[in-house]
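For reference, upload.txt is printed below; it contains compact mmCIF, C-alpha atoms and all ligand atoms.
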# COMPACT_ATOMS: atom_id res chain seq x y z
CA MET I 1 19.86 -9.85 8.91
CA SER I 2 16.69 -10.46 10.89
CA TRP I 3 13.67 -12.36 9.60
CA LYS I 4 11.78 -9.15 10.33
CA GLU I 5 13.33 -7.50 7.30
CA ASN I 6 11.47 -9.99 5.11
CA VAL I 7 8.10 -9.32 6.60
CA ARG I 8 5.43 -7.48 4.58
CA LYS I 9 4.62 -4.64 6.94
CA VAL I 10 1.23 -3.01 6.62
CA VAL I 11 -0.92 -0.58 8.54
CA PRO I 12 -4.32 -2.30 8.53
CA TYR I 13 -7.71 -0.78 7.82
CA VAL I 14 -9.67 -0.08 11.00
CA ALA I 15 -13.31 -1.13 10.75
CA GLY I 16 -16.04 0.53 12.84
CA GLU I 17 -16.44 -0.75 16.35
CA GLN I 18 -18.74 -3.76 17.06
CA PRO I 19 -19.68 -3.23 20.71
CA GLN I 20 -20.80 -6.25 22.73
CA ASN I 21 -23.26 -4.10 24.68
CA LYS I 22 -26.70 -4.80 23.14
CA ASN I 23 -28.19 -1.51 24.45
CA VAL I 24 -26.09 0.58 22.09
CA ILE I 25 -27.87 2.38 19.26
CA LYS I 26 -25.42 1.35 16.60
CA LEU I 27 -25.21 3.86 13.78
CA ASN I 28 -21.47 3.53 13.10
CA THR I 29 -21.04 0.91 10.34
CA ASN I 30 -23.96 1.50 7.96
CA GLU I 31 -25.61 -1.78 8.80
CA ASN I 32 -29.25 -2.27 7.93
CA PRO I 33 -31.50 -1.92 11.00
CA TYR I 34 -33.94 -4.55 9.68
CA PRO I 35 -33.47 -8.33 9.61
CA PRO I 36 -32.62 -10.11 6.34
CA ALA I 37 -35.49 -11.42 4.15
CA PRO I 38 -37.66 -14.02 5.96
CA ASN I 39 -36.89 -16.71 3.37
CA VAL I 40 -33.20 -16.40 4.37
CA LYS I 41 -34.30 -17.57 7.82
CA ASP I 42 -36.15 -20.52 6.26
CA VAL I 43 -32.97 -21.58 4.45
CA LEU I 44 -30.84 -21.28 7.59
CA CYS I 45 -33.34 -23.13 9.79
CA GLY I 46 -33.83 -25.92 7.27
CA PHE I 47 -30.17 -26.26 6.33
CA ASP I 48 -28.90 -29.82 5.86
CA TYR I 49 -25.91 -29.66 8.19
CA ALA I 50 -24.61 -33.04 6.98
CA SER I 51 -23.91 -31.45 3.60
CA LEU I 52 -21.11 -29.45 5.26
CA ARG I 53 -18.78 -32.46 5.08
CA LYS I 54 -18.33 -31.59 1.42
CA TYR I 55 -16.48 -28.62 -0.04
CA PRO I 56 -18.72 -25.88 -1.40
CA ASP I 57 -19.21 -25.36 -5.14
CA PRO I 58 -16.02 -23.50 -6.16
CA ASP I 59 -17.88 -21.73 -8.99
CA VAL I 60 -20.70 -20.63 -6.64
CA SER I 61 -23.00 -21.32 -9.59
CA ARG I 62 -26.34 -20.99 -7.82
CA LEU I 63 -25.59 -17.55 -6.43
CA VAL I 64 -23.91 -16.34 -9.63
CA SER I 65 -26.92 -17.52 -11.60
CA ALA I 66 -29.43 -15.82 -9.23
CA LEU I 67 -27.49 -12.54 -9.45
CA ALA I 68 -27.12 -12.78 -13.24
CA LYS I 69 -30.88 -13.23 -13.55
CA ARG I 70 -31.59 -10.33 -11.17
CA HIS I 71 -29.39 -7.96 -13.20
CA GLY I 72 -30.32 -9.35 -16.64
CA LEU I 73 -26.77 -10.49 -17.40
CA PRO I 74 -25.16 -13.74 -18.58
CA GLU I 75 -23.52 -15.70 -15.76
CA GLU I 76 -20.07 -15.07 -17.26
CA GLN I 77 -20.46 -11.41 -16.33
CA VAL I 78 -20.83 -11.96 -12.58
CA PHE I 79 -18.15 -12.68 -9.95
CA VAL I 80 -18.89 -13.26 -6.25
CA GLY I 81 -16.74 -12.99 -3.13
CA ILE I 82 -16.67 -12.72 0.66
CA GLY I 83 -18.20 -9.26 0.94
CA SER I 84 -17.30 -6.49 -1.45
CA ASP I 85 -14.07 -6.01 0.51
CA ASP I 86 -12.90 -9.38 -0.81
CA VAL I 87 -14.16 -8.60 -4.33
CA LEU I 88 -12.42 -5.20 -4.30
CA ALA I 89 -9.18 -6.64 -2.87
CA MET I 90 -9.21 -9.30 -5.60
CA SER I 91 -9.94 -6.63 -8.23
CA PHE I 92 -7.01 -4.45 -7.08
CA LEU I 93 -4.77 -7.52 -7.29
CA THR I 94 -6.05 -8.43 -10.76
CA PHE I 95 -6.43 -5.11 -12.54
CA PHE I 96 -4.03 -2.67 -10.92
CA HIS I 97 -0.74 -4.11 -12.05
CA SER I 98 1.11 -1.22 -13.67
CA ASP I 99 3.86 1.25 -12.74
CA LYS I 100 1.47 4.15 -13.22
CA PRO I 101 -0.49 5.39 -10.20
CA ILE I 102 -4.08 4.38 -9.67
CA LEU I 103 -6.45 7.26 -8.95
CA PHE I 104 -9.16 7.68 -6.31
CA PRO I 105 -10.61 10.61 -4.35
CA ASP I 106 -8.83 12.00 -1.26
CA ILE I 107 -12.01 11.51 0.77
CA THR I 108 -13.38 8.03 0.12
CA TYR I 109 -13.54 4.50 1.46
CA SER I 110 -10.36 4.26 3.52
CA PHE I 111 -9.65 0.68 2.48
CA TYR I 112 -8.49 1.77 -1.02
CA ASP I 113 -5.12 3.13 0.08
CA VAL I 114 -4.65 0.15 2.42
CA TRP I 115 -4.99 -2.32 -0.48
CA ALA I 116 -2.79 -0.13 -2.68
CA LYS I 117 -0.04 -0.21 -0.04
CA LEU I 118 -0.53 -3.94 0.61
CA TYR I 119 -0.04 -4.78 -3.08
CA GLU I 120 2.56 -2.03 -3.59
CA ILE I 121 0.42 -0.30 -6.20
CA PRO I 122 1.40 3.35 -6.69
CA TYR I 123 -1.56 5.68 -6.10
CA GLU I 124 -2.49 9.35 -6.28
CA CYS I 125 -5.46 10.81 -4.41
CA GLN I 126 -7.55 13.38 -6.27
CA PRO I 127 -9.07 16.07 -4.04
CA LEU I 128 -12.85 16.37 -3.97
CA ASP I 129 -14.05 19.94 -4.48
CA GLU I 130 -15.31 22.07 -1.57
CA ASN I 131 -18.79 20.50 -1.87
CA PHE I 132 -17.30 16.98 -1.75
CA ARG I 133 -17.94 16.48 -5.48
CA ILE I 134 -15.56 14.49 -7.67
CA ARG I 135 -13.90 16.57 -10.40
CA LYS I 136 -14.10 14.59 -13.61
CA SER I 137 -11.06 16.32 -15.07
CA ASP I 138 -8.87 14.77 -12.32
CA TYR I 139 -9.52 11.37 -13.89
CA LYS I 140 -8.44 12.28 -17.39
CA LYS I 141 -4.70 11.89 -16.93
CA GLU I 142 -2.35 8.94 -17.29
CA ASN I 143 -3.08 6.28 -14.68
CA GLY I 144 -2.82 2.60 -13.84
CA GLY I 145 -6.50 2.29 -12.97
CA ILE I 146 -9.34 4.15 -11.27
CA VAL I 147 -11.57 3.26 -8.32
CA ILE I 148 -14.47 5.44 -7.22
CA ALA I 149 -17.26 4.73 -4.74
CA ASN I 150 -20.63 5.92 -6.04
CA PRO I 151 -22.39 7.08 -3.95
CA ASN I 152 -19.13 8.07 -2.34
CA ALA I 153 -18.42 7.15 1.27
CA PRO I 154 -18.35 8.69 3.79
CA THR I 155 -19.69 11.78 2.00
CA GLY I 156 -22.89 10.17 0.63
CA VAL I 157 -22.57 12.23 -2.55
CA CYS I 158 -23.81 10.53 -5.72
CA GLU I 159 -23.19 11.07 -9.45
CA GLY I 160 -25.15 9.63 -12.36
CA PRO I 161 -23.98 7.01 -14.88
CA SER I 162 -23.24 9.65 -17.56
CA PHE I 163 -20.60 11.12 -15.22
CA PHE I 164 -18.85 7.76 -15.05
CA GLU I 165 -19.34 7.07 -18.74
CA GLU I 166 -17.22 10.12 -19.47
CA ILE I 167 -14.46 8.89 -17.13
CA VAL I 168 -14.54 5.35 -18.55
CA LYS I 169 -14.50 6.70 -22.12
CA ALA I 170 -11.47 8.85 -21.34
CA ASN I 171 -9.58 5.82 -19.96
CA PRO I 172 -9.74 2.99 -22.50
CA ASP I 173 -6.34 1.71 -21.29
CA SER I 174 -7.28 1.32 -17.61
CA VAL I 175 -9.81 -0.63 -15.65
CA VAL I 176 -12.33 1.65 -13.93
CA ILE I 177 -13.97 0.22 -10.81
CA VAL I 178 -17.20 1.78 -9.54
CA ASP I 179 -17.90 0.65 -5.98
CA GLU I 180 -21.69 0.74 -5.59
CA ALA I 181 -21.94 -0.45 -1.98
CA TYR I 182 -24.70 2.11 -1.33
CA VAL I 183 -26.38 2.43 -4.72
CA ASP I 184 -29.63 0.70 -3.68
CA PHE I 185 -30.70 3.67 -1.53
CA GLY I 186 -31.65 5.96 -4.39
CA GLY I 187 -28.53 6.07 -6.58
CA GLU I 188 -28.42 5.11 -10.25
CA SER I 189 -26.24 2.11 -11.10
CA CYS I 190 -23.55 1.99 -13.79
CA VAL I 191 -24.41 -1.65 -14.58
CA PRO I 192 -26.17 -0.71 -17.87
CA LEU I 193 -22.77 0.60 -19.10
CA ILE I 194 -20.84 -2.64 -18.71
CA ASP I 195 -21.86 -4.01 -22.10
CA LYS I 196 -20.62 -0.85 -23.76
CA TYR I 197 -17.26 -0.65 -21.98
CA GLU I 198 -15.06 -3.72 -21.60
CA ASN I 199 -12.94 -1.97 -18.93
CA LEU I 200 -15.72 -1.07 -16.47
CA LEU I 201 -16.23 -3.16 -13.32
CA VAL I 202 -19.18 -2.47 -11.01
CA VAL I 203 -19.07 -3.83 -7.45
CA GLN I 204 -22.06 -4.27 -5.13
CA THR I 205 -22.73 -5.86 -1.73
CA PHE I 206 -25.36 -7.70 0.32
CA SER I 207 -24.14 -5.97 3.51
CA LYS I 208 -26.26 -2.82 3.41
CA SER I 209 -29.43 -3.04 1.30
CA ARG I 210 -29.90 -6.80 1.86
CA ALA I 211 -29.21 -6.63 5.60
CA LEU I 212 -26.64 -9.42 5.36
CA ALA I 213 -23.39 -7.86 6.60
CA GLY I 214 -22.86 -10.87 8.85
CA LEU I 215 -22.97 -13.35 5.99
CA ARG I 216 -20.29 -11.62 3.85
CA ILE I 217 -21.38 -11.51 0.21
CA GLY I 218 -20.19 -9.07 -2.43
CA TYR I 219 -20.12 -9.26 -6.21
CA ALA I 220 -18.75 -7.67 -9.32
CA MET I 221 -20.31 -7.23 -12.75
CA GLY I 222 -18.35 -6.51 -15.89
CA SER I 223 -17.40 -7.75 -19.33
CA LYS I 224 -16.78 -11.48 -19.75
CA LYS I 225 -13.06 -10.69 -20.12
CA LEU I 226 -12.83 -8.81 -16.81
CA ILE I 227 -14.72 -11.55 -14.97
CA LYS I 228 -12.50 -14.25 -16.49
CA TYR I 229 -9.36 -12.40 -15.30
CA LEU I 230 -10.87 -12.00 -11.83
CA ASN I 231 -11.70 -15.69 -11.62
CA ASP I 232 -8.17 -16.63 -12.75
CA VAL I 233 -6.73 -14.65 -9.83
CA LYS I 234 -9.35 -15.92 -7.39
CA PHE I 235 -8.62 -19.55 -8.32
CA SER I 236 -4.90 -18.84 -7.87
CA PHE I 237 -5.60 -17.63 -4.36
CA ASN I 238 -8.40 -19.71 -2.80
CA SER I 239 -10.74 -22.11 -4.63
CA TYR I 240 -13.46 -21.96 -2.00
CA THR I 241 -14.10 -18.38 -1.01
CA MET I 242 -17.83 -18.80 -0.39
CA ASN I 243 -19.19 -21.35 2.09
CA THR I 244 -22.21 -23.59 1.47
CA VAL I 245 -24.50 -21.92 4.01
CA THR I 246 -23.77 -18.44 2.68
CA ILE I 247 -24.38 -19.47 -0.92
CA GLU I 248 -27.87 -20.85 -0.15
CA ALA I 249 -28.87 -17.95 2.12
CA GLY I 250 -27.60 -15.49 -0.50
CA VAL I 251 -29.74 -17.07 -3.21
CA ALA I 252 -32.81 -16.77 -0.97
CA SER I 253 -32.11 -13.07 -0.45
CA VAL I 254 -31.78 -12.38 -4.18
CA GLU I 255 -35.02 -14.25 -4.85
CA ASN I 256 -36.96 -12.00 -2.49
CA GLU I 257 -37.05 -8.78 -4.51
CA GLU I 258 -40.20 -7.59 -2.78
CA TYR I 259 -38.64 -7.58 0.69
CA PHE I 260 -35.50 -5.90 -0.69
CA ARG I 261 -37.60 -3.08 -2.17
CA HIS I 262 -39.62 -2.77 1.01
CA ILE I 263 -36.68 -2.28 3.41
CA THR I 264 -34.67 -0.02 1.09
CA ALA I 265 -37.73 2.22 0.60
CA LYS I 266 -38.29 2.33 4.36
CA ILE I 267 -34.66 3.35 5.00
CA MET I 268 -34.87 6.08 2.34
CA GLU I 269 -38.03 7.43 3.97
CA THR I 270 -36.36 7.48 7.41
CA ARG I 271 -33.31 9.17 5.84
CA GLU I 272 -35.39 11.97 4.35
CA ASN I 273 -37.12 12.60 7.70
CA THR I 274 -33.75 12.53 9.47
CA LYS I 275 -32.36 15.12 7.03
CA LYS I 276 -35.21 17.51 7.87
CA ARG I 277 -34.65 17.26 11.61
CA LEU I 278 -30.85 17.45 11.36
CA ALA I 279 -31.18 20.64 9.32
CA GLU I 280 -33.55 22.10 11.94
CA LEU I 281 -30.97 21.29 14.61
CA GLY I 282 -28.27 23.30 12.80
CA PHE I 283 -26.45 20.50 10.95
CA VAL I 284 -25.17 20.97 7.42
CA PHE I 285 -24.63 18.12 4.96
CA GLN I 286 -24.55 17.29 1.28
CA ASP I 287 -27.60 15.50 -0.07
CA SER I 288 -27.16 11.79 0.69
CA LYS I 289 -28.40 8.95 -1.48
CA THR I 290 -27.16 6.30 0.94
CA ASN I 291 -28.12 4.77 4.28
CA PHE I 292 -26.08 7.37 6.14
CA ILE I 293 -25.74 11.15 6.45
CA PHE I 294 -22.36 12.86 6.70
CA ALA I 295 -23.09 15.94 8.77
CA SER I 296 -21.30 18.79 10.47
CA HIS I 297 -22.82 21.08 13.10
CA LYS I 298 -22.66 24.83 12.54
CA ARG I 299 -21.44 25.54 16.10
CA VAL I 300 -20.56 22.38 18.00
CA PRO I 301 -17.42 20.42 17.03
CA ALA I 302 -17.91 16.85 15.74
CA GLN I 303 -15.50 15.40 18.30
CA GLU I 304 -17.58 16.81 21.15
CA LEU I 305 -20.81 15.41 19.67
CA PHE I 306 -19.18 12.05 18.99
CA ASP I 307 -17.99 11.82 22.60
CA VAL I 308 -21.28 12.83 24.18
CA LEU I 309 -23.27 10.49 21.92
CA ARG I 310 -20.94 7.65 22.80
CA GLN I 311 -21.24 8.31 26.52
CA ASN I 312 -24.98 7.93 25.99
CA GLU I 313 -24.66 4.62 24.15
CA ILE I 314 -25.18 6.07 20.69
CA TYR I 315 -22.39 5.10 18.30
CA VAL I 316 -21.70 7.05 15.11
CA ARG I 317 -18.46 7.32 13.09
CA HIS I 318 -15.91 10.11 13.24
CA TRP I 319 -12.53 10.37 11.51
CA ASN I 320 -9.77 12.61 12.74
CA ARG I 321 -8.58 13.34 9.22
CA PRO I 322 -7.93 16.53 7.30
CA ARG I 323 -11.05 18.07 5.70
CA ILE I 324 -13.51 15.75 7.50
CA GLU I 325 -12.55 16.10 11.17
CA ASN I 326 -15.64 18.20 11.82
CA TYR I 327 -18.10 15.66 10.38
CA LEU I 328 -20.02 12.73 11.80
CA ARG I 329 -21.25 9.86 9.68
CA ILE I 330 -24.60 8.80 11.04
CA SER I 331 -26.08 5.56 9.69
CA ILE I 332 -29.84 5.40 9.22
CA GLY I 333 -31.48 3.12 11.78
CA THR I 334 -35.15 2.47 12.48
CA ASP I 335 -37.56 5.40 12.96
CA GLU I 336 -37.45 4.76 16.73
CA GLU I 337 -33.65 4.75 16.85
CA MET I 338 -33.44 7.98 14.84
CA LYS I 339 -36.04 9.62 17.09
CA THR I 340 -33.99 8.74 20.18
CA VAL I 341 -30.80 10.13 18.61
CA LEU I 342 -32.44 13.30 17.29
CA ASP I 343 -34.28 13.96 20.58
CA PHE I 344 -30.99 13.53 22.43
CA LEU I 345 -29.19 15.93 20.06
CA GLU I 346 -32.01 18.46 20.35
CA HIS I 347 -31.76 18.38 24.12
CA TYR I 348 -27.95 18.59 24.13
CA LEU I 349 -27.74 21.36 21.57
CA LYS I 350 -30.28 23.53 23.41
CA GLY I 351 -27.70 24.31 26.05
CA LYS I 352 -25.07 25.24 23.44
N1 LIG C 1 -17.24 -0.20 -0.24
C1 LIG C 1 -17.64 0.80 0.55
C2 LIG C 1 -17.68 2.19 -0.03
C3 LIG C 1 -17.99 0.57 1.88
O1 LIG C 1 -18.36 1.58 2.68
C4 LIG C 1 -17.96 -0.75 2.38
C5 LIG C 1 -18.39 -1.04 3.81
N2 LIG C 1 -17.42 -0.83 4.78
C6 LIG C 1 -17.51 -1.77 1.53
C7 LIG C 1 -17.18 -1.46 0.22
C8 LIG C 1 -17.35 -3.17 2.00
O2 LIG C 1 -18.53 -3.78 2.36
P1 LIG C 1 -18.67 -5.35 2.47
O3 LIG C 1 -17.28 -5.96 2.48
O4 LIG C 1 -19.40 -5.58 3.73
O5 LIG C 1 -19.44 -5.77 1.26
Rewrite the coordinates I just gave you, this time as structure tokens.
Amino acid sequence: MSWKENVRKVVPYVAGEQPQNKNVIKLNTNENPYPPAPNVKDVLCGFDYASLRKYPDPDVSRLVSALAKRHGLPEEQVFVGIGSDDVLAMSFLTFFHSDKPILFPDITYSFYDVWAKLYEIPYECQPLDENFRIRKSDYKKENGGIVIANPNAPTGVCEGPSFFEEIVKANPDSVVIVDEAYVDFGGESCVPLIDKYENLLVVQTFSKSRALAGLRIGYAMGSKKLIKYLNDVKFSFNSYTMNTVTIEAGVASVENEEYFRHITAKIMETRENTKKRLAELGFVFQDSKTNFIFASHKRVPAQELFDVLRQNEIYVRHWNRPRIENYLRISIGTDEEMKTVLDFLEHYLKGK
């Protein structure tokens, strides 16, 4: 027998490319085109580097407390981690521990099936309808848990809290995770439901709306029981997930609500203008309440557009997967970046 037989073999998630070339217009990973809040810079520039000799606070109290205050929750209802990927991975490990399959849409964040396979959790994908909408009835059967991104990614399609309330109500024996990575761009959060339903966990991130993808902060909100179980698993895995610099910079970001509102509003405005021009250019897409648009051209294949954009230093995302192979996911950049991309597309499509 070879040692290789004992290895846990996994096919990893592939994140969007991070090109080294600074000239690229980078619309492929839904990053925020604006810098983080200016008081984050103040914290980083004034950081007492000598304090790094000590371990960070394992409870991450300052950040948990800032987030609890921001969402009007007690601290015992907030859990933080290294980006929402870490929070979601920890949540799969904690809550999806049954022989029954967990349920999530066939078109969604492609990390869900990777974690399911990693932890050997059985899963069953539920097909979105032809308009990329989730069918509620698919989530009313026996299951070992449910995870849904809302707004969904990469489709951008959003449902309201009452939609999720019905799913949570129908599943009192499972934990339902709503991944709200993109909710700050015009979606409505399910957070107000967590006091009503002990089995609902809502996950958010600093990576998109707070322009802090590089810092890695994500968090979950839920009943005190859910958060206690999450912390038990976290402390059985790694006591110090968050580092000292990140904790302080994260607190500064949460404290600057005005800047947060300003940049999210700006991105929504740019998104609405981008929708108009994309439609004029012959693209079709579902209404997006995120910082990206998932669009397909009426005549020109997505692969062709992806390739020609890339050759011209414009990066968007394309998946060669059933049902979505003819779509491009275009993140919303600055007005100037979007103008360059749209002008380029207009010019290219004229000859088609
Ligand atoms: N959920 C969804 C739906 C996402 O698109 C992403 C970003 N790739 C994440 C979670 C993870 O984001 P982060 O780890 O940066 O918080």
Exercise answer, 8 Å around ligand LIG 1 (chain C) with all atoms listed in the file, as a short mmCIF file (atom, residue, chain, number, x, y, z; two decimals) with C-alpha atoms, in the frame of the given file:
data_model
loop_
_atom_site.label_atom_id
_atom_site.label_comp_id
_atom_site.auth_asym_id
_atom_site.auth_seq_id
_atom_site.Cartn_x
_atom_site.Cartn_y
_atom_site.Cartn_z
CA ALA I 15 -13.31 -1.13 10.75
CA THR I 29 -21.04 0.91 10.34
CA ASN I 30 -23.96 1.50 7.96
CA ILE I 82 -16.67 -12.72 0.66
CA GLY I 83 -18.20 -9.26 0.94
CA SER I 84 -17.30 -6.49 -1.45
CA ASP I 85 -14.07 -6.01 0.51
CA ASP I 86 -12.90 -9.38 -0.81
CA VAL I 87 -14.16 -8.60 -4.33
CA LEU I 88 -12.42 -5.20 -4.30
CA THR I 108 -13.38 8.03 0.12
CA TYR I 109 -13.54 4.50 1.46
CA ALA I 149 -17.26 4.73 -4.74
CA ASN I 150 -20.63 5.92 -6.04
CA PRO I 151 -22.39 7.08 -3.95
CA ASN I 152 -19.13 8.07 -2.34
CA ALA I 153 -18.42 7.15 1.27
CA PRO I 154 -18.35 8.69 3.79
CA ASP I 179 -17.90 0.65 -5.98
CA GLU I 180 -21.69 0.74 -5.59
CA ALA I 181 -21.94 -0.45 -1.98
CA TYR I 182 -24.70 2.11 -1.33
CA GLN I 204 -22.06 -4.27 -5.13
CA THR I 205 -22.73 -5.86 -1.73
CA PHE I 206 -25.36 -7.70 0.32
CA SER I 207 -24.14 -5.97 3.51
CA LYS I 208 -26.26 -2.82 3.41
CA ALA I 213 -23.39 -7.86 6.60
CA ARG I 216 -20.29 -11.62 3.85
CA ILE I 217 -21.38 -11.51 0.21
CA GLY I 218 -20.19 -9.07 -2.43
#
Discussion item. So that I can check the surroundings of I:Ile194, please list as a list in words every protein, DNA and RNA residue that reaches within 10 Å of it, counting all atoms listed in the file and ignoring chain neighbours fewer than 5 positions away.
Written reply: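 Non-adjacent residues within range: Leu73, Gln77, Glu165, Asn199, Leu200, Leu201, Val202, Met221, Gly222, Ser223 and Lys224 of chain I.
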Fill in: Nearest to I:Glu258, chosen from I:Asp129, I:Arg210, I:Glu142, I:Pro322, with all atoms listed in the file counted in the distances
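The shortest atom-to-atom distance to I:Glu258 comes from I:Arg210.
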Discussion item. Just want the 9 Å neighbourhood of I:Gly186, counted on only C-alpha atoms, with same-chain residues fewer than 6 positions away dropped. Output as a VMD selection string.
Written reply: chain I and resid 264 to 265 268 288 to 290
Practice prompt. Quote the spacing between atom CA of I:Cys190 and atom CA of I:Ser239 in Å to one decimal place.
Written response: 28.8 Å
Practice prompt. For stretch 89-105 of chain I, list every protein, DNA or RNA residue within 8 Å, evaluated using only C-alpha atoms, and leave out those in the same chain fewer than 5 positions away; present the list as an NGL selection string.
Written response: :I and (112 or 115-116 or 119 or 121-128 or 134 or 139 or 142-148 or 175 or 229-230 or 233-234)
Fill in: Separation of atom CA of I:Ala279 from atom CA of I:Glu313 in Å
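Between atom CA of I:Glu313 and atom CA of I:Ala279 the gap is 22.8 Å.
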Worksheet item: Between atom CA of I:Glu325 and atom CA of I:Lys276, what is the distance, to one decimal in Å?
Response: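 One can read the atom CA of I:Glu325 to atom CA of I:Lys276 distance as 22.9 Å.
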Item to complete: With a distance cut-off of 6 Å and only C-alpha atoms, select the neighbouring residues of stretch 31-37 of chain I, excluding the residue or stretch itself and same-chain residues fewer than 4 positions from it, and output the selection as a list in words.
Response: Lys208, Ala211, Ser253, Gly333 and Thr334 of chain I
Could you write out the selected residues, including C-alpha atoms, as an mmCIF file, in the coordinates of the input?
data_model
loop_
_atom_site.group_PDB
_atom_site.id
_atom_site.type_symbol
_atom_site.label_atom_id
_atom_site.label_comp_id
_atom_site.auth_asym_id
_atom_site.auth_seq_id
_atom_site.Cartn_x
_atom_site.Cartn_y
_atom_site.Cartn_z
ATOM 1 C CA LYS I 208 -26.260 -2.820 3.410
ATOM 2 C CA ALA I 211 -29.210 -6.630 5.600
ATOM 3 C CA SER I 253 -32.110 -13.070 -0.450
ATOM 4 C CA GLY I 333 -31.480 3.120 11.780
ATOM 5 C CA THR I 334 -35.150 2.470 12.480
#
Item to complete: Go ahead and find all residues with at least one atom no further than 12 Å from (-23.1, -1.0, 24.7) in the file's coordinates, using only C-alpha atoms; report them as a ChimeraX atom specification.
Response: /I:17-26,309-315
Discussion item. Here is a test: counting all atoms listed in the file, which residue of I:Arg53, I:Phe164, I:Ile177, I:Lys117 is nearest to I:Ser137?
Written reply: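 Answer, going by the shortest atom-to-atom distance: I:Phe164.
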Worksheet item: Which of these residues is nearest to I:Val78, using only C-alpha atoms: I:Tyr219, I:Phe285, I:Phe111, I:Phe47?
Response: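 Smallest separation from I:Val78 among the options: I:Tyr219.
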Worksheet item: Nearest to I:Glu336 among I:Tyr348, I:Trp3, I:Thr270, I:Asp184, with distances taken over only C-alpha atoms: which residue is it?
Response: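 Checking each candidate against I:Glu336, we get I:Thr270 as the closest.
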Item to complete: Determine the nearest neighbour of I:His318 from the options I:Ala295, I:Val245, I:Val341, I:Leu193, counting all atoms listed in the file.
Response: I:Ala295
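Distance annotation: of I:Ser331, I:Glu159, I:Val254, I:Asp343, the residue with the minimal separation from I:Lys69 is I:Val254; atom set is only C-alpha atoms.
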Worksheet item: Counting all atoms listed in the file, what is within 10 Å of I:Lys350, bar same-chain residues fewer than 4 positions away, as a list in words?
Response: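 Selected residues are Leu281, Leu345 and Glu346 of chain I.
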Go ahead and write the residues just picked, C-alpha atoms, as a JSON list (two decimals), in the coordinates of the input.
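Below is the file that was written, again39.json:
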[["chain", "number", "residue", "atom", "x", "y", "z"],
["I", 281, "LEU", "CA", -30.97, 21.29, 14.61],
["I", 345, "LEU", "CA", -29.19, 15.93, 20.06],
["I", 346, "GLU", "CA", -32.01, 18.46, 20.35]]
